[in-house]
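Here the structure comes first, spelled out in structure tokens, and everything after it is commentary.
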Amino acid sequence: MRFGASRRRTRATGERRRSFGLRTRLVLAFLLVAAVSAGTTAALTFREVRNAVLATAQDTAVSSFRDQVRELDFFLPVNTTELVGTLRTLARNGRPHPWYVYAEYGSVRASSGTNPTSTVITPELRRTAHADPQGSFQRVVKDGVPYLTIGMPVVFELGASTVAPTGIVLYAVMPMPEEQANVEALAAAARDGALPGLAVALVAALVAARGVLRPVRELRQAARSMGSGRLDTRIAVRGSDELADLARTFNESAGELERSVNELREAEERARRFASDVSHELRNPLAGMLAVTEVLDEGANRLDSDTARAVRLISTETGKLAVLVEDLMEISRFDARAAELNTDEIDVAETIRRTLGQRRWTDLVRTELPDGIRAVLDPRRFDVVVANLVGNALRHGGAPVTVTLRTTTGADGTAWLVTEVADRGPGIRPDVLPHIFHRFYKADAARTRSVGSGLGLAITLENVRLHGGTVRAANGPGGTGAVFTVEMPLRTGEAPA
Amino acid sequence: MRPRRPALVTLAAVAAPLLGGCGVPGTGVIGAGAPATAAVYPYPPTGMVLFLRSADGQAMPVVRFAEDAPDVPGPGDSPGVSTQQTVAELFAGPLEEERAAGLTDGLPDFPFEGIPLVERHPSGGVEVRLPIDLGDLDALGRRQVVCTIAFTEDAEGRTRVWLRGIETAFGPVVCDLAAGGG
């Protein structure tokens, strides 16, 4: 469950980074800015130039048309035949490009071409030309070809200072192919100018993204390196930007962390050495005391009963003290990582039998020891493990104590040696279970004076760990006593720890 | 996917005017200054100027040759054709050539033997009596009559005109050519 969730999270963030990472965002932002600025500049320039080109052509055409119409003379009413001749003359003088000329007078429609009316001239232009005696023009795009259409009402002088509309409206229709070509060339030029700009922006964006992403990548690697325990990891600080500040801060934090951890380690080391030194210092006086108590024990029978009890008490307590000191020294060796494995290939069942026999427990303990299981392990330490667990079961659990031996195969194909020590006592209280392997942990707070040193299970745990194995405590099915299970690789030193 | 959409929209918004408006776009109708003044034959002050109408309701001036008109009229003078004659000609309707161009008079006909009478008005200007009911004239018809009279009376057409019909009369009116087609 937890594994699945973490994998899902990893995949989600991974996809997010790939699809829309810092690099993509930077490049997109650069491109967007470049596109907007290049596009806007190109579009504005293009529009201005286009309008100028078109305005020039239009102004020329309108004023030229007006000037040419001014040269004309008409009868009123207009003679249609003469009108067509006039229009043909006009059509030859189109400027800046040739144009078609159309005329409307009353119901007369005439043109310089074959068709008397134009399909290009819009009703709006006609309405404007008739309603208002003003020149006007309109640009019309028909079938992809732009036309300039000019409507020019004709007025005449009635008196010396009075003009009146003649009712004649002349139209010029001028295709603008040259302007269209110019404008299209202009648009192509604007586009071609903008594209290299975008390419340059892309290169700049990639360079900038690299400049930002490289420190970020270094930072990530450094953070991961620190997380895996290399506290001396530092980042090279380049430049003086925000990323350099970040790197500097990271280095300072890493330095602080390293200092704190070193202080803690030194304090721990000092405490450990102190425990070790104390045990060593206690060992020699204790050896002397043990020798003396043996002599006292032998002579206790000759003393009066009170004194004899006192002497035996001293003797017992001194023995316990010696065991405690031995255990302390053992655990100090583990803490100092001075404990070494001296492996040998042994018959496991035989070893366990010998362990029980040496301590005269053979009659107290039931065994299920299949013969022929051979393992590579440290015989002395395995002896300590079995003795501690059986001793613990005998002291705190209820008879009968059972030692079971078997082998299993792990998920990765390695063979494991499984040793179980079970008793039929009251079991272990659930609140005690997590702490049972802690040093000097007393399951029963009232029972301060334990028979053991309080280090037995801790030493067991260290010994099993040294073999690359695990030990766990549990309650048997149905509350039927405690079960300690030791799992060790069948071939210590060859199997992965 | 979500943050990419606004970027695309912006890009499209930028690209649209670039790619869309590449050619020559059309426009609306744009004013382009004064109309063209052309010469008319005969020179109006030496001819008979009548205001007819086109099918789409515009006043259309025609200039007819006046048989006994002087070649060069004096300033402010009548072109030599009498107002009575021009009004009679106007009500007589368009000639063949004018009809061919789609022009009509749009005026009621005079009754048999009916003639217009022209006299000076005491407060200045001219008063024309018409043998018709003025209610039969529409607005364009009145303008045709008034302008025809005014431009016959003087070359600039500024004479004030009184019209008197069978029952009604109105005036003074000044010819207003700027009223357009209305």
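In the structure tokens, chains take the letters A, B, ... in the order shown, each chain's residues start at 1, and ligands count up from 1 in the order shown.
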
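The shell of residues at most 7 Å from A:Pro489, with only C-alpha atoms counted and near chain neighbours (fewer than 5 positions) removed, consists of Ala415, Trp416, Leu417, Gly468, Gly469 and Ala495 of chain A.
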
Q. Out of stretch 302-373 of chain A, which residues get strand (DSSP E) from DSSP, as an MDAnalysis selection string?
A. chainID A and resid 344:347 365:368

**Q.** Who sits within 8 Å of A:Leu405, only C-alpha atoms, same chain under 4 positions skipped, as a ChimeraX atom specification
**A.** /A:349,368-370,417-420

Quick one: which residues from chain A are at most 6 Å off chain B, using only C-alpha atoms, as a CSV table (one decimal) with C-alpha atoms, in the first residue's frame?
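Final file, iface_15.csv:
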```
chain,number,residue,atom,x,y,z
A,43,ALA,CA,2.3,43.6,-37.9
A,66,ARG,CA,-11.3,64.0,-61.0
A,70,ARG,CA,-12.9,68.1,-65.3
A,72,LEU,CA,-14.9,66.8,-70.2
A,73,ASP,CA,-18.0,68.5,-71.6
A,74,PHE,CA,-21.6,67.1,-71.8
A,75,PHE,CA,-24.9,67.9,-73.3
A,76,LEU,CA,-27.8,67.8,-70.8
A,77,PRO,CA,-29.5,65.5,-71.4
A,106,GLY,CA,-31.1,58.9,-65.3
A,107,SER,CA,-31.9,55.5,-66.7
A,108,VAL,CA,-28.8,55.5,-68.9
A,125,LEU,CA,-20.9,53.5,-53.2
A,133,PRO,CA,-22.3,65.4,-54.6
A,134,GLN,CA,-18.9,64.4,-53.2
A,135,GLY,CA,-16.2,62.1,-54.6
A,136,SER,CA,-15.8,58.9,-52.8
A,137,PHE,CA,-14.0,55.6,-53.2
A,138,GLN,CA,-14.2,52.1,-51.9
A,139,ARG,CA,-11.8,49.2,-52.0
A,140,VAL,CA,-13.5,46.0,-52.9
A,141,VAL,CA,-12.0,42.5,-53.0
A,152,MET,CA,-17.4,60.8,-59.0
A,153,PRO,CA,-20.6,62.8,-59.3
A,154,VAL,CA,-20.4,65.5,-62.1
A,155,VAL,CA,-21.5,69.0,-61.3
A,156,PHE,CA,-21.6,72.0,-63.7
A,158,LEU,CA,-25.1,77.1,-63.8
A,159,GLY,CA,-24.2,80.7,-63.3
A,162,THR,CA,-23.5,78.5,-58.8
A,167,GLY,CA,-27.1,63.9,-62.4
A,180,GLN,CA,-1.5,43.4,-54.1
A,184,GLU,CA,2.1,40.3,-50.3
A,187,ALA,CA,3.9,40.4,-45.7
```

Q) In Å, with one decimal, what is the gap from atom CA of A:Ala190 to atom CA of A:Ala52? A)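 The value is 15.8 Å.
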
Q: Rounded to one decimal place, report the atom CA of A:Pro379-atom CA of A:Asn392 distance in Å.
A: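 About the pair atom CA of A:Pro379 and atom CA of A:Asn392: they are 19.7 Å apart.
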
Q: Between atom CA of B:Thr152 and atom CA of B:His121, measure the distance and give it in Å to one decimal.
A: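 These two atoms are separated by 15.8 Å.
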
Q: Using DSSP on the backbone coordinates, identify all residues within stretch 24-179 of chain B classified as alpha helix (DSSP H); present the result as a PyMOL selection string.
A: chain B and resi 83-92+96-100+139-153

Next, dump the selected residues to file, keeping only C-alpha atoms, as a JSON list (two decimals), in the first residue's frame.
```json
[["chain", "number", "residue", "atom", "x", "y", "z"],
["B", 83, "THR", "CA", -39.99, 82.88, -67.71],
["B", 84, "GLN", "CA", -43.41, 82.31, -69.17],
["B", 85, "GLN", "CA", -41.84, 80.30, -71.98],
["B", 86, "THR", "CA", -39.63, 78.16, -69.74],
["B", 87, "VAL", "CA", -42.49, 77.36, -67.34],
["B", 88, "ALA", "CA", -44.69, 76.40, -70.27],
["B", 89, "GLU", "CA", -41.88, 74.23, -71.70],
["B", 90, "LEU", "CA", -41.37, 72.60, -68.26],
["B", 91, "PHE", "CA", -45.04, 71.67, -67.95],
["B", 92, "ALA", "CA", -45.09, 70.50, -71.57],
["B", 96, "GLU", "CA", -37.66, 62.74, -77.13],
["B", 97, "GLU", "CA", -33.99, 62.73, -76.23],
["B", 98, "GLU", "CA", -34.72, 63.50, -72.58],
["B", 99, "ARG", "CA", -37.30, 60.75, -72.37],
["B", 100, "ALA", "CA", -34.75, 58.35, -73.85],
["B", 139, "ALA", "CA", -42.14, 68.56, -53.02],
["B", 140, "LEU", "CA", -39.83, 67.67, -55.88],
["B", 141, "GLY", "CA", -42.28, 69.11, -58.36],
["B", 142, "ARG", "CA", -42.33, 72.43, -56.46],
["B", 143, "ARG", "CA", -38.54, 72.51, -56.45],
["B", 144, "GLN", "CA", -38.45, 71.79, -60.18],
["B", 145, "VAL", "CA", -40.84, 74.68, -60.85],
["B", 146, "VAL", "CA", -39.16, 77.11, -58.42],
["B", 147, "CYS", "CA", -35.63, 76.39, -59.67],
["B", 148, "THR", "CA", -36.65, 76.55, -63.33],
["B", 149, "ILE", "CA", -38.21, 79.99, -62.67],
["B", 150, "ALA", "CA", -35.28, 81.22, -60.55],
["B", 151, "PHE", "CA", -32.60, 80.26, -63.05],
["B", 152, "THR", "CA", -34.58, 81.82, -65.84],
["B", 153, "GLU", "CA", -34.94, 85.07, -63.91]]
```
